[in-house]
2 protein chains.
Amino acid sequence: MADTQVQTMTGAEALVSTLADHGVTACFANPGTSEMHLVTALDHEPRIKSVLCLFEGVATGAADGHARVTGNPAMTLLHLGAGYMNGGANIHNAKRAWTPMINVIGDHAVPHLRYDAPLTSNILGLAGPNSNWIKSADKVADAGELAAEAWEASFGPVSGPVSLLLPADTAWNEGGKPGKTRARPSLRKPDAARIEDAARKLKDAKKPVILINGTALTKEGLAQGARLKAAGLRVITDTFFPRQARGAGTFIPDRMQYFAEGAIADLEGADLMLVAGTQVPVAFFSYPGKPSVLVPEGCEPYIIGGPETDSAAVLGALADAIGAKDAAGFAELDIPGQPTGDLNAMTVGMALARQMPEGTFVSDDGVSNGLPCFLMTQKAQPHDWMMLTGGAIGQGMPLALGAAVAAPDRKVLCISGDGAGMYTNQALWSMSRENANVVNVVFVNHSYRILNIELARTGAGNPGPTAKSMLELGEPEIDWVKLAEAQGVEAQDAFTAEEFDAALERAFAADGPQLIAAHVPAR
Amino acid sequence: MADTQVQTMTGAEALVSTLADHGVTACFANPGTSEMHLVTALDHEPRIKSVLCLFEGVATGAADGHARVTGNPAMTLLHLGAGYMNGGANIHNAKRAWTPMINVIGDHAVPHLRYDAPLTSNILGLAGPNSNWIKSADKVADAGELAAEAWEASFGPVSGPVSLLLPADTAWNEGGKPGKTRARPSLRKPDAARIEDAARKLKDAKKPVILINGTALTKEGLAQGARLKAAGLRVITDTFFPRQARGAGTFIPDRMQYFAEGAIADLEGADLMLVAGTQVPVAFFSYPGKPSVLVPEGCEPYIIGGPETDSAAVLGALADAIGAKDAAGFAELDIPGQPTGDLNAMTVGMALARQMPEGTFVSDDGVSNGLPCFLMTQKAQPHDWMMLTGGAIGQGMPLALGAAVAAPDRKVLCISGDGAGMYTNQALWSMSRENANVVNVVFVNHSYRILNIELARTGAGNPGPTAKSMLELGEPEIDWVKLAEAQGVEAQDAFTAEEFDAALERAFAADGPQLIAAHVPAR
């Protein structure tokens, strides 16, 4: 960039152009008054596409989806502490997916902060817990450099969301300078001593498993898993993961069960649990008298590398160390016939397996209906499956939006529960605005069905009328077709398997976003 | 409560019954697995009405509205840190309205916390900044006592939201005990020395004003303001306030202008600014070269009592101290004729003044269209006006829901911008479920109109296509009638003043929630 330009840069321009210099290509934004100069700066930065979101939770979920597809962080624009909190649940989810993300939070001008104006809040306090790095660019000369630092910090050592506060006066003042260009940090390489240890432990183990996540779930990583499988090792993924390559030609690992008692029963007899690209598995929730750690008695957990590690390389190195020659467990293409009769998660899954085109990105916020869809599609055309890793529902549609913006020539399939979908239904509007190629499937059972299951499991007693009514969404029933059409998205209802299959075929053939309300039973 | 019952209480039951003992009558909830025992406890507690909300920002905004109407805190049920953040923006707003509120946040069981399960977060960190009091009931024996402490703390010294974390094992374990009953803390009485000081200063002042908020905005407080007005003191409210009595028979104070330059010009020449029930006024935002503090040069601010004070009593004591005999400035009923022609904020305001029945509660999230409605209704039937005090849009509909649950025999009018309304549109569903008597008026201008104004004011330059598109909501246009109908709320469009007036008459005559999409120009 020429010196003459540098000399007339605002802080907002320095921030935006520095992020563009580092390869940031998308900004998911819900701006307010304190971000007006950032909006103008984005106006002058053709390398970054700005996407307006009508709620900050859509912006942060979309940034997550964009990063899972591209491997690079996207930026968000959030309006002070309140805007950060609106985006907070999907930032939590992104942190649990190890997704790099740069949340740019506009703040009051520094001299204005001490007056405690109505929108003032302790942003460093609010945003600190879920930020892997957080700083405020209180001086215009620092804005560019801190943007570069934020970008670098989003990669780790464990990648995740970072927060950069930009006070309004820093944004509008001249004197900004581009930050020094950073090299992209790499994932940690496999640790030779640990690989050797693991190989030695494997020799003595009778029933070993390896728990994987991260790059091990790429097609290449899974191919290394297939070598371990052929050598007698059970390969199992975390219950929830940021992204997994699946379908024809891809190795099919097992998946850790959600409920603690199921997971422990499934792992019974295992005497060694190697861990690559994740942590020792724990139950999502605690229940009276049930275990927290999902490692059976008599099984030794051994971490070869955590989420900071290139787990695909770990699998390859381990397979080499044990001299694995063969590979086994790849999916062969197996497309089911047309589903008929009742519409439920199984028949929906069959239709998905039939209709999903090659290269589809799946955003799964399907809650109690997600697992059957997952199982039914494992031999479909090659595709990628993205999960809700942090448990805060309302991620599905935003994540799908971001994925579609990142990969406009691919199809995105979003599966959501009706309870989950309502959280961030404003994502539909941005899908329409961007003509995003998202096929939204909403499981309409008029119920927080997962909570009806959990109510029994927690031993919270027989639900009375109040408790029951707190888990039911049927009064009034939500009309998803109208909700989608209200926001510019074409939509249709499906009540039978045949109707759903036909609707899905039409939806995948269409240009731009579509929604199908899949009416499934609540129990 | 009999001893036998006490001995078999869970922590969740102790918490819920203790809050009920203290007069809490409503719980706005979005529960998850960690709150299942709270849901069961609420099931057994007939003194507390549970209202399901499909997004936590609806729950917290509704709790705010309920408290503004009743004067007592409502409780919310939020699901761990992510649920708190989803409700966080309206908690911020409640803090800025000095609204007592008890946010009950379910957390993981204490022994499960150390395993860092997917939904784990640092809740004390996230929720601390906007909580006037925050504790975690880590032991079942403490749950009831901490509930009583939380209730008491919500009243102050400055009232506001408090957070009580309830770990799942505390909730499910037996051994809960009701908390010791607290007396309700009172607002601070007027400080005699300060009243005397203020009266003395008034004698020397040529152009004194008094800035008021809090109980001074009740009908009784304003009647004291009328005495000060008759004695030559200009009485002016904060720009935004939690609640103001208005309409026929009520004193009409002036209102501080929103934009700093307007406010300073309006106050020009004032040499003394007394402050009662609030703080020294500051600009909402800072702008290049414009003042932060809204006190003109040469004017002395003097705080008689802050938001912890009974400002109605302050006004009365001050009026007595200066020997005010008369009172002036009360509104006489003045209902405008039928508006005709173009639909805009003025003609909408005329229709509101005509159609609002006596006793209406108004929830104002109207952003750039709010002020004309406010001005046009000052001589309407007696009513109460509730404002967005914290600047985080998306409060209007949730606040209206809570007000309607609190006052089922009154009408609630909610005015929202279309941008603001989208944030928490899920409130419509709960309005339908509760058959809440809310008339929602959405100003549909397909624009974040306020930001188009702010863009110019901040000097952020001529907006290019990206900047412009970030402030426009017209592609696609949101169909508010469908959005409301999708959630069970009857709705209609209005394009002219006549249509709006007729639609409003029908809406106020109907039972249950209604929505009118008021199509107004963007500029």
# chains A, B, ... in the order shown; residues from 1 in each chain; ligands from 1
>>> select_by_dssp(residues="region 306-482 of chain A", states="helix (DSSP H, G or I)", output="PyMOL selection string")
chain A and resi 311-321+345-355+367-376+396-406+418-423+427-433+449-457+465-469+480-482
>>> closest_atom_pairs(of="region 314-427 of chain B", to="region 41-57 of chain B", cutoff="10 Å", atoms="only C-alpha atoms", output="tab-separated table")
residue	atom	partner	partner_atom	distance
B:Gly394	CA	B:Gly57	CA	8.3
B:Gln395	CA	B:Gly57	CA	8.1
B:Pro398	CA	B:Gly57	CA	7.6
B:Leu401	CA	B:Val51	CA	9.9
B:Gly402	CA	B:Val51	CA	9.3
B:Val405	CA	B:Val51	CA	8.8
B:Tyr423	CA	B:Gly57	CA	8.8
B:Thr424	CA	B:Gly57	CA	6.7
B:Asn425	CA	B:Phe55	CA	9.3
B:Gln426	CA	B:Leu54	CA	6.1
B:Ala427	CA	B:Cys53	CA	7.0
>>> residues_around(residues="His79 (chain A)", least_positions_apart="5", cutoff="7 Å", atoms="only C-alpha atoms", output="NGL selection string")
:A and (31-32 or 34-35 or 84 or 105-106)
>>> write_last_selection(atoms="N, CA and C atoms", output="mmCIF file, in the first residue's frame")
data_model
loop_
_atom_site.group_PDB
_atom_site.id
_atom_site.type_symbol
_atom_site.label_atom_id
_atom_site.label_comp_id
_atom_site.auth_asym_id
_atom_site.auth_seq_id
_atom_site.Cartn_x
_atom_site.Cartn_y
_atom_site.Cartn_z
ATOM 1 N N PRO A 31 -24.402 -3.692 12.467
ATOM 2 C CA PRO A 31 -23.735 -2.485 12.977
ATOM 3 C C PRO A 31 -24.696 -1.565 13.719
ATOM 4 N N GLY A 32 -24.122 -0.706 14.555
ATOM 5 C CA GLY A 32 -24.857 0.362 15.218
ATOM 6 C C GLY A 32 -24.069 1.654 15.089
ATOM 7 N N SER A 34 -21.907 3.173 16.847
ATOM 8 C CA SER A 34 -20.471 3.176 17.139
ATOM 9 C C SER A 34 -19.663 2.430 16.082
ATOM 10 N N GLU A 35 -20.327 1.806 15.116
ATOM 11 C CA GLU A 35 -19.594 1.093 14.055
ATOM 12 C C GLU A 35 -19.726 1.775 12.697
ATOM 13 N N TYR A 84 -22.477 -7.914 21.576
ATOM 14 C CA TYR A 84 -21.650 -9.095 21.844
ATOM 15 C C TYR A 84 -22.485 -10.187 22.507
ATOM 16 N N ILE A 105 -15.796 -5.483 17.966
ATOM 17 C CA ILE A 105 -16.859 -4.902 18.779
ATOM 18 C C ILE A 105 -16.657 -3.396 18.839
ATOM 19 N N GLY A 106 -17.576 -2.650 18.257
ATOM 20 C CA GLY A 106 -17.500 -1.201 18.367
ATOM 21 C C GLY A 106 -17.799 -0.785 19.796
#
>>> closest_residue(among="B:Met350, B:Ala141, B:Leu80, B:Leu274", to="chain A", atoms="only C-alpha atoms")
B:Leu80
>>> atom_distance(atom1="CA of Ala20 (chain A)", atom2="CA of Ala148 (chain A)")
9.9 Å
>>> residues_around(residues="Ile212 (chain B)", least_positions_apart="6", cutoff="12 Å", atoms="only C-alpha atoms", output="PyMOL selection string")
chain B and resi 218+221-222+224-225+228+234-244+253-256+273-281+303-307+309-315
>>> residues_around(residues="Leu515 (chain B)", least_positions_apart="3", cutoff="10 Å", atoms="only C-alpha atoms", output="NGL selection string")
:B and (413-415 or 428 or 438-442 or 480-481 or 483-485 or 489-493 or 503-504 or 507 or 518)
>>> residues_around(residues="Leu119 (chain A)", least_positions_apart="6", cutoff="12 Å", atoms="only C-alpha atoms", output="compact mmCIF listing (two decimals) with all heavy atoms, in the first residue's frame")
# COMPACT_ATOMS: atom_id res chain seq x y z
N GLY A 32 -24.12 -0.71 14.55
CA GLY A 32 -24.86 0.36 15.22
C GLY A 32 -24.07 1.65 15.09
O GLY A 32 -23.07 1.71 14.34
N THR A 33 -24.50 2.67 15.81
CA THR A 33 -23.89 3.99 15.67
C THR A 33 -22.37 3.95 15.86
O THR A 33 -21.63 4.58 15.11
CB THR A 33 -24.52 4.95 16.69
OG1 THR A 33 -25.92 5.03 16.41
CG2 THR A 33 -23.91 6.33 16.59
N SER A 34 -21.91 3.17 16.85
CA SER A 34 -20.47 3.18 17.14
C SER A 34 -19.66 2.43 16.08
O SER A 34 -18.44 2.42 16.14
CB SER A 34 -20.21 2.59 18.53
OG SER A 34 -20.97 1.42 18.74
N HIS A 79 -22.22 -4.59 18.06
CA HIS A 79 -22.48 -3.25 18.60
C HIS A 79 -22.38 -3.27 20.13
O HIS A 79 -23.30 -3.71 20.81
CB HIS A 79 -23.88 -2.82 18.14
CG HIS A 79 -24.25 -1.41 18.46
ND1 HIS A 79 -23.40 -0.34 18.30
CD2 HIS A 79 -25.42 -0.88 18.93
CE1 HIS A 79 -24.03 0.77 18.64
NE2 HIS A 79 -25.24 0.47 19.04
N LEU A 80 -21.24 -2.85 20.63
CA LEU A 80 -20.98 -2.75 22.07
C LEU A 80 -21.25 -4.06 22.82
O LEU A 80 -21.34 -5.12 22.21
CB LEU A 80 -21.77 -1.59 22.70
CG LEU A 80 -21.42 -0.20 22.14
CD1 LEU A 80 -22.52 0.31 21.25
CD2 LEU A 80 -21.15 0.78 23.24
N GLY A 81 -21.37 -3.97 24.13
CA GLY A 81 -21.54 -5.17 24.95
C GLY A 81 -22.84 -5.90 24.67
O GLY A 81 -22.88 -7.13 24.66
N ALA A 82 -23.92 -5.14 24.43
CA ALA A 82 -25.21 -5.78 24.17
C ALA A 82 -25.15 -6.58 22.88
O ALA A 82 -25.69 -7.70 22.80
CB ALA A 82 -26.32 -4.74 24.12
N GLY A 83 -24.51 -6.04 21.85
CA GLY A 83 -24.37 -6.77 20.59
C GLY A 83 -23.52 -8.03 20.77
O GLY A 83 -23.83 -9.08 20.20
N TYR A 84 -22.48 -7.91 21.58
CA TYR A 84 -21.65 -9.09 21.84
C TYR A 84 -22.48 -10.19 22.51
O TYR A 84 -22.43 -11.36 22.13
CB TYR A 84 -20.45 -8.75 22.73
CG TYR A 84 -19.63 -9.99 23.02
CD1 TYR A 84 -18.64 -10.41 22.13
CD2 TYR A 84 -19.89 -10.79 24.12
CE1 TYR A 84 -17.93 -11.57 22.35
CE2 TYR A 84 -19.19 -11.96 24.35
CZ TYR A 84 -18.20 -12.35 23.46
OH TYR A 84 -17.50 -13.51 23.68
N GLY A 106 -17.58 -2.65 18.26
CA GLY A 106 -17.50 -1.20 18.37
C GLY A 106 -17.80 -0.79 19.80
O GLY A 106 -18.69 -1.33 20.43
N ASP A 107 -17.04 0.18 20.29
CA ASP A 107 -17.27 0.67 21.66
C ASP A 107 -17.41 2.19 21.58
O ASP A 107 -17.15 2.82 20.55
CB ASP A 107 -16.10 0.27 22.56
CG ASP A 107 -16.46 0.38 24.05
OD1 ASP A 107 -17.62 0.72 24.38
OD2 ASP A 107 -15.57 0.12 24.88
N HIS A 108 -17.83 2.77 22.69
CA HIS A 108 -17.87 4.23 22.77
C HIS A 108 -16.47 4.81 22.56
O HIS A 108 -15.47 4.15 22.83
CB HIS A 108 -18.36 4.66 24.16
CG HIS A 108 -19.83 4.49 24.35
ND1 HIS A 108 -20.76 5.07 23.51
CD2 HIS A 108 -20.55 3.84 25.30
CE1 HIS A 108 -21.98 4.77 23.93
NE2 HIS A 108 -21.89 4.02 25.00
N ALA A 109 -16.42 6.05 22.12
CA ALA A 109 -15.16 6.78 22.08
C ALA A 109 -14.55 6.76 23.49
O ALA A 109 -15.27 6.85 24.49
CB ALA A 109 -15.40 8.21 21.62
N HIS A 112 -15.57 9.18 26.07
CA HIS A 112 -17.00 9.10 26.41
C HIS A 112 -17.28 8.00 27.44
O HIS A 112 -18.30 8.02 28.13
CB HIS A 112 -17.79 8.83 25.13
CG HIS A 112 -19.27 9.11 25.24
ND1 HIS A 112 -19.78 10.36 25.52
CD2 HIS A 112 -20.36 8.30 25.10
CE1 HIS A 112 -21.11 10.31 25.54
NE2 HIS A 112 -21.49 9.07 25.30
N LEU A 113 -16.35 7.04 27.53
CA LEU A 113 -16.60 5.85 28.35
C LEU A 113 -16.87 6.16 29.81
O LEU A 113 -17.72 5.57 30.45
CB LEU A 113 -15.42 4.88 28.25
CG LEU A 113 -15.51 3.83 27.15
CD1 LEU A 113 -14.22 3.03 27.09
CD2 LEU A 113 -16.70 2.89 27.39
N ALA B 89 -28.82 -8.94 26.43
CA ALA B 89 -29.07 -7.56 25.98
C ALA B 89 -30.25 -6.96 26.75
O ALA B 89 -30.21 -5.79 27.15
CB ALA B 89 -29.33 -7.54 24.48
N ASN B 90 -31.29 -7.75 26.96
CA ASN B 90 -32.42 -7.21 27.71
C ASN B 90 -32.15 -7.15 29.21
O ASN B 90 -32.82 -6.40 29.93
CB ASN B 90 -33.71 -7.97 27.38
CG ASN B 90 -34.36 -7.38 26.13
OD1 ASN B 90 -34.17 -6.20 25.80
ND2 ASN B 90 -35.13 -8.19 25.42
N ILE B 91 -31.18 -7.91 29.70
CA ILE B 91 -30.72 -7.72 31.08
C ILE B 91 -29.97 -6.39 31.18
O ILE B 91 -30.15 -5.62 32.13
CB ILE B 91 -29.83 -8.90 31.54
CG1 ILE B 91 -30.68 -10.18 31.62
CG2 ILE B 91 -29.17 -8.59 32.88
CD1 ILE B 91 -29.87 -11.45 31.84
N HIS B 92 -29.12 -6.12 30.18
CA HIS B 92 -28.47 -4.81 30.11
C HIS B 92 -29.51 -3.69 30.16
O HIS B 92 -29.38 -2.72 30.91
CB HIS B 92 -27.63 -4.71 28.83
CG HIS B 92 -27.22 -3.32 28.48
ND1 HIS B 92 -26.04 -2.75 28.92
CD2 HIS B 92 -27.85 -2.36 27.76
CE1 HIS B 92 -25.97 -1.50 28.48
NE2 HIS B 92 -27.05 -1.24 27.77
N ASN B 93 -30.54 -3.81 29.32
CA ASN B 93 -31.59 -2.79 29.30
C ASN B 93 -32.27 -2.66 30.67
O ASN B 93 -32.56 -1.55 31.13
CB ASN B 93 -32.64 -3.13 28.24
CG ASN B 93 -32.12 -2.90 26.82
OD1 ASN B 93 -31.28 -2.02 26.59
ND2 ASN B 93 -32.63 -3.67 25.87
N ALA B 94 -32.52 -3.79 31.31
CA ALA B 94 -33.18 -3.77 32.63
C ALA B 94 -32.30 -3.08 33.66
O ALA B 94 -32.77 -2.33 34.52
CB ALA B 94 -33.51 -5.19 33.07
N LYS B 95 -31.00 -3.34 33.56
CA LYS B 95 -30.06 -2.69 34.49
C LYS B 95 -30.15 -1.17 34.33
O LYS B 95 -30.13 -0.43 35.31
CB LYS B 95 -28.65 -3.19 34.21
CG LYS B 95 -27.59 -2.67 35.15
CD LYS B 95 -26.35 -3.55 35.08
CE LYS B 95 -25.33 -3.18 36.14
NZ LYS B 95 -24.39 -2.15 35.66
N ARG B 96 -30.28 -0.74 33.08
CA ARG B 96 -30.34 0.70 32.80
C ARG B 96 -31.72 1.27 33.12
O ARG B 96 -31.91 2.48 33.02
CB ARG B 96 -29.99 0.94 31.33
CG ARG B 96 -28.55 0.59 30.99
CD ARG B 96 -27.62 1.61 31.61
NE ARG B 96 -26.21 1.24 31.47
CZ ARG B 96 -25.21 2.05 31.81
NH1 ARG B 96 -25.44 3.25 32.29
NH2 ARG B 96 -23.96 1.65 31.69
N ALA B 97 -32.68 0.42 33.42
CA ALA B 97 -34.00 0.89 33.85
C ALA B 97 -34.17 0.71 35.36
O ALA B 97 -35.24 0.96 35.88
CB ALA B 97 -35.10 0.11 33.12
N ASN B 130 -23.16 -7.36 34.43
CA ASN B 130 -24.51 -6.79 34.44
C ASN B 130 -25.39 -7.32 35.56
O ASN B 130 -26.61 -7.21 35.50
CB ASN B 130 -25.19 -7.02 33.08
CG ASN B 130 -24.69 -6.02 32.03
OD1 ASN B 130 -24.22 -4.94 32.37
ND2 ASN B 130 -24.76 -6.39 30.78
N VAL B 282 -25.89 12.47 30.07
CA VAL B 282 -24.81 12.32 29.09
C VAL B 282 -25.40 11.94 27.75
O VAL B 282 -26.48 11.37 27.66
CB VAL B 282 -23.79 11.22 29.52
CG1 VAL B 282 -23.10 11.61 30.81
CG2 VAL B 282 -24.45 9.87 29.64
N ALA B 283 -24.64 12.27 26.70
CA ALA B 283 -25.07 11.93 25.34
C ALA B 283 -25.08 10.43 25.16
O ALA B 283 -24.26 9.71 25.73
CB ALA B 283 -24.15 12.57 24.31
N PHE B 284 -26.01 9.94 24.37
CA PHE B 284 -26.12 8.51 24.11
C PHE B 284 -24.85 7.98 23.47
O PHE B 284 -24.31 6.96 23.84
CB PHE B 284 -27.33 8.26 23.21
CG PHE B 284 -28.06 7.02 23.57
CD1 PHE B 284 -28.98 7.02 24.61
CD2 PHE B 284 -27.84 5.84 22.88
CE1 PHE B 284 -29.65 5.85 24.96
CE2 PHE B 284 -28.50 4.67 23.23
CZ PHE B 284 -29.42 4.68 24.26
N PHE B 285 -24.40 8.72 22.45
CA PHE B 285 -23.14 8.39 21.80
C PHE B 285 -22.27 9.64 21.76
O PHE B 285 -22.76 10.76 21.94
CB PHE B 285 -23.37 7.91 20.36
CG PHE B 285 -24.01 6.57 20.28
CD1 PHE B 285 -25.34 6.44 19.92
CD2 PHE B 285 -23.29 5.42 20.57
CE1 PHE B 285 -25.95 5.19 19.85
CE2 PHE B 285 -23.89 4.17 20.51
CZ PHE B 285 -25.22 4.06 20.15
N SER B 286 -21.01 9.42 21.49
CA SER B 286 -20.08 10.52 21.27
C SER B 286 -19.92 10.72 19.76
O SER B 286 -19.99 9.77 19.00
CB SER B 286 -18.75 10.14 21.92
OG SER B 286 -17.75 11.02 21.53
N LEU B 388 -37.24 2.20 26.13
CA LEU B 388 -35.98 1.46 26.04
C LEU B 388 -34.90 2.35 26.66
O LEU B 388 -34.52 3.38 26.10
CB LEU B 388 -35.64 1.20 24.57
CG LEU B 388 -34.28 0.58 24.28
CD1 LEU B 388 -34.18 -0.81 24.86
CD2 LEU B 388 -34.02 0.53 22.77
N THR B 389 -34.41 1.96 27.83
CA THR B 389 -33.45 2.81 28.55
C THR B 389 -32.01 2.46 28.25
O THR B 389 -31.12 3.28 28.44
CB THR B 389 -33.66 2.67 30.06
OG1 THR B 389 -33.68 1.26 30.35
CG2 THR B 389 -34.95 3.30 30.50
N GLY B 390 -31.76 1.25 27.79
CA GLY B 390 -30.38 0.79 27.65
C GLY B 390 -29.87 0.80 26.22
O GLY B 390 -28.71 0.51 25.97
N GLY B 391 -30.73 1.14 25.28
CA GLY B 391 -30.28 1.31 23.90
C GLY B 391 -30.11 0.03 23.11
O GLY B 391 -29.80 0.09 21.92
N ALA B 392 -30.30 -1.12 23.73
CA ALA B 392 -30.17 -2.38 22.98
C ALA B 392 -31.53 -2.73 22.40
O ALA B 392 -32.42 -3.21 23.11
CB ALA B 392 -29.65 -3.50 23.88
N ILE B 393 -31.72 -2.48 21.10
CA ILE B 393 -33.04 -2.67 20.49
C ILE B 393 -33.45 -4.14 20.55
O ILE B 393 -32.61 -5.02 20.70
CB ILE B 393 -33.10 -2.13 19.04
CG1 ILE B 393 -32.05 -2.81 18.16
CG2 ILE B 393 -32.93 -0.62 19.03
CD1 ILE B 393 -32.20 -2.45 16.67
>>> closest_residue(among="A:Asn30, A:Thr340, A:Gln381, A:Thr181", to="Thr360 (chain A)", atoms="only C-alpha atoms")
A:Gln381
>>> residues_around(residues="Glu472 (chain B)", least_positions_apart="4", cutoff="8 Å", atoms="only C-alpha atoms", output="PyMOL selection string")
chain B and resi 446-449+468
>>> closest_residue(among="B:Ala517, B:Cys299, B:Ile453, B:Ile264", to="chain A", atoms="only C-alpha atoms")
B:Ile453
